[in-house]
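Novice: Below is one structure. I have some questions about it.
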Amino acid sequence: MDELTERNGDWWKGGIIYQIYPRSFQDTTGSGTGDLAGIAQRLPYVASLGVDAVWISPFFTSPMKDFGYDVSDYCGIDPMFGTDADFDWLVSAAHEQGLKVLIDLVLSHTSDQHPWFKESRSSRDNAKADWYVWADPKPDGTVPNNWLSIFGGSAWQWDARREQYYLHNFLTAQPDLNFHNPAVQTALLEVARFWLERGVDGFRLDTINFYFHDRELRDNPPLPPEQRKSDTAPAVNPYNHQSHKYSKSQPENLAFLERFRQVIEPYGAVVVGEIGDSERGLELLEEYTGVPGRVQMSYVFDFLSGDSLPANRVIEVFDNLHRLAPNSWPCWAMSNHDVVRHITRWSLSDQAAKAYATVMLCLKGSVCLYQGEELGLPEAELSFEDLRDPYGIEFWPEFKGRDGCRTPMVWDMGVNGGFSTSQPWLPVPHTHLQRTVVSEEADAQSMLHHYRWAIGLRRKHSALRHGDMTDMRADGPVLSFRRTDKHQSLMIRANLSDEEVAGLNPWQVQIIEG
């Protein structure tokens with residue numbers, strides 16, 4: 001990173017963020033669950049990859065119905081992850097390693113155990129009665145409208161205390177906050193300020209387009225089968241049968257994002273949002289990141305879907321990006337804590353996985369890497385009895401949930417891959433023990449060393465971080481494009497196939513300067 005970029009606070013532009021799922025990174029207490037101290041201990045390894053920042057998935061106080069994405073205290077650290085002192089050590093240790101720290105804020109909903117919700121559900125006239133989305137039943141007692149939960153069934157849950165339904169876009173234990181209430185917005189902005197004062201460098205905003213709902217609670221229209229996609233919900237989920245015109249992605253969200261930016265701006269902090277919308281994802285990317293004063297970047301699901309990624313598909317994604325979101329700043333990712341690991345999803349050999357990693361790290365935009373991706377970890381095959389994810393339990397076996405990408409990090413050939421001295425919360429697959437950090441460090445041809453090389457390539461060439469991207473084309477399986485800035489011009493040619501094509505070996509990526 002050049003000094004000017006760092007000084008201007010634009011490290012994120014073209015930066016690389018390493019996602020850590022704290023339950024599965026490193027256990028220091030023998031509980032079988034990873035913790036903040038474990039992350040702090042392993043930061044030298046993360047820094048050795050050459051990344052710019054870590055994004056840490058939720059560690060807040062929670063009943064763990066959705067493993068931390070159901071928050072019961074936004075400013076508290078769940079004891080399973082450690083203490084305030086552990087968090088302060090983590091932030092300090094990261095900064096000593098030259099790493100920024102982004103934490104995961106889940107603002108669209110809380111746990112039903114949050115004090116706000118307990119008060120809200122106690123009556124219809126308490127101080128927080130309007131802090132969540134409540135609605136009367138229809139005259140026949142049925143739900144207010146046809147909105148569906150991503151986790152299955154209606155998005156409405158009956159509450160006998162108020163004799164009303166409350167909205168939950170996810171689990172019934174995750175009631176949605178009412179962002180139409182200014183007091184709710186103010187409270188959440190104070191949460192962001194609290195963590196900024198604690199030293200964090202920014203946030204990953206979970207489900208950033210779910211904050212607001214249609215005030216009139218109008219029914220979502222049906223979505224024709226030919227328009228349905230399975231990138232934000234599996235194909236077996238009836239959630240895909242609706243166009244979510246009224247239950248999310250409302251225009252009122254833009255003003256809130258501007259308020260959020262005003263809060264973080266004095267701290268020089270950044271935001272990467274998660275846009276979960278199969279119909280308007282790129283349009284929302286433009287609205288959220290392409291207008292000054294909103295969020296800096298968001299990732300979309302184009303490379304996180306189950307679809308394969310041949311050269312012509314990459315071209316299609318960027319054609320759509322240029323057409324629908326020309327001023328946006330995307331954050332590219334192939335794996336994360338919510339999807340099947342891309343090695344398995346796309347049935348990649350090691351050679352193919354290395355090629356895709358190189359291509360992603362040459363694209364314009366920022367990049368998110370998910371823990372274990374740099375080792376080439378495949379999706380873990382788990383039995384139904386091993387599942388912890390309510391999403392997978394609900395839709396098993398057609399959809400096996402998210403546990404397979406959340407199994408513990410494998411560090412060495414010791415007990416449980418060096419993750420924990422006790423039985424881990426999810427099993428460590430035998431196949432992963434063939435791909436530990438220690439074993440890959442010793443192999444110069446390993447996935448780990450390739451990721452270090454590709455990350456180093458991006459850091460070495462300013463054109464790959466900040467330059468324009470032009471001349472994109474697909475000639476059969478060969479993807480090519482140019483990255484150019486005032487210092488240099490690079491042509492990237494990648495053969496995304498098992499056959500020799502156009503002078504390129506199978507899965508070869510060629511980078512030509514000039």
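Every chain in the structure tokens takes a letter, A first, then B, and so on in the order presented; its residues are numbered from 1, and the ligands are numbered from 1 following the presented order.
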Gly34 in chain A: which residues within 9 Å, counting only C-alpha atoms, same-chain residues fewer than 5 positions away excluded, as a list of chain:residue names?
Specialist: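 Listing them by chain and then by number gives A:Tyr21, A:Pro22, A:Arg23, A:Ser24, A:Phe25, A:Gln26, A:Asp27, A:Thr28, A:Thr29, A:Ile39, A:Met80, A:Phe81, A:Pro408, A:Phe419, A:Ser420, A:Pro424, A:Trp425.
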Novice: So that I can check the surroundings of Ala463 in chain A, please list as a PyMOL selection string every protein, DNA and RNA residue that reaches within 12 Å of it, counting only C-alpha atoms and ignoring chain neighbours fewer than 3 positions away.
Specialist: chain A and resi 1-2+13-14+361-365+457-460+466-470+482-492+513-514
Novice: One decimal, in Å: what's the spacing between CA of Asn169 in chain A and CA of Ala192 in chain A?
Specialist: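 Distance reported for this atom pair: 22.4 Å.
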Novice: Write out as a list of chain:residue names the residues lying within 9 Å of range 501-512 of chain A, counting only C-alpha atoms and excluding same-chain residues fewer than 6 positions away.
Specialist: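 Residues near the query, excluding close chain neighbours: A:Gln351, A:Ala352, A:Ala353, A:Lys354, A:Ala355, A:Tyr356, A:Thr358, A:Val359, A:Asp475, A:Gly476, A:Pro477, A:Val478, A:Ser489, A:Leu490, A:Met491, A:Ile492, A:Arg493, A:Ala494, A:Asn495.
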Novice: Going by DSSP on the backbone, which bits of range 62-292 of chain A are alpha helix (DSSP H)? Write them as a ChimeraX atom specification, please.
Specialist: /A:84-96,115-120,182-197,253-264,281-289
Novice: Quick one: residues within 10 Å of Arg218 in chain A, only C-alpha atoms counted, chain neighbours fewer than 4 positions away excluded, as a PyMOL selection string?
Specialist: chain A and resi 144-147+213-214+245-247
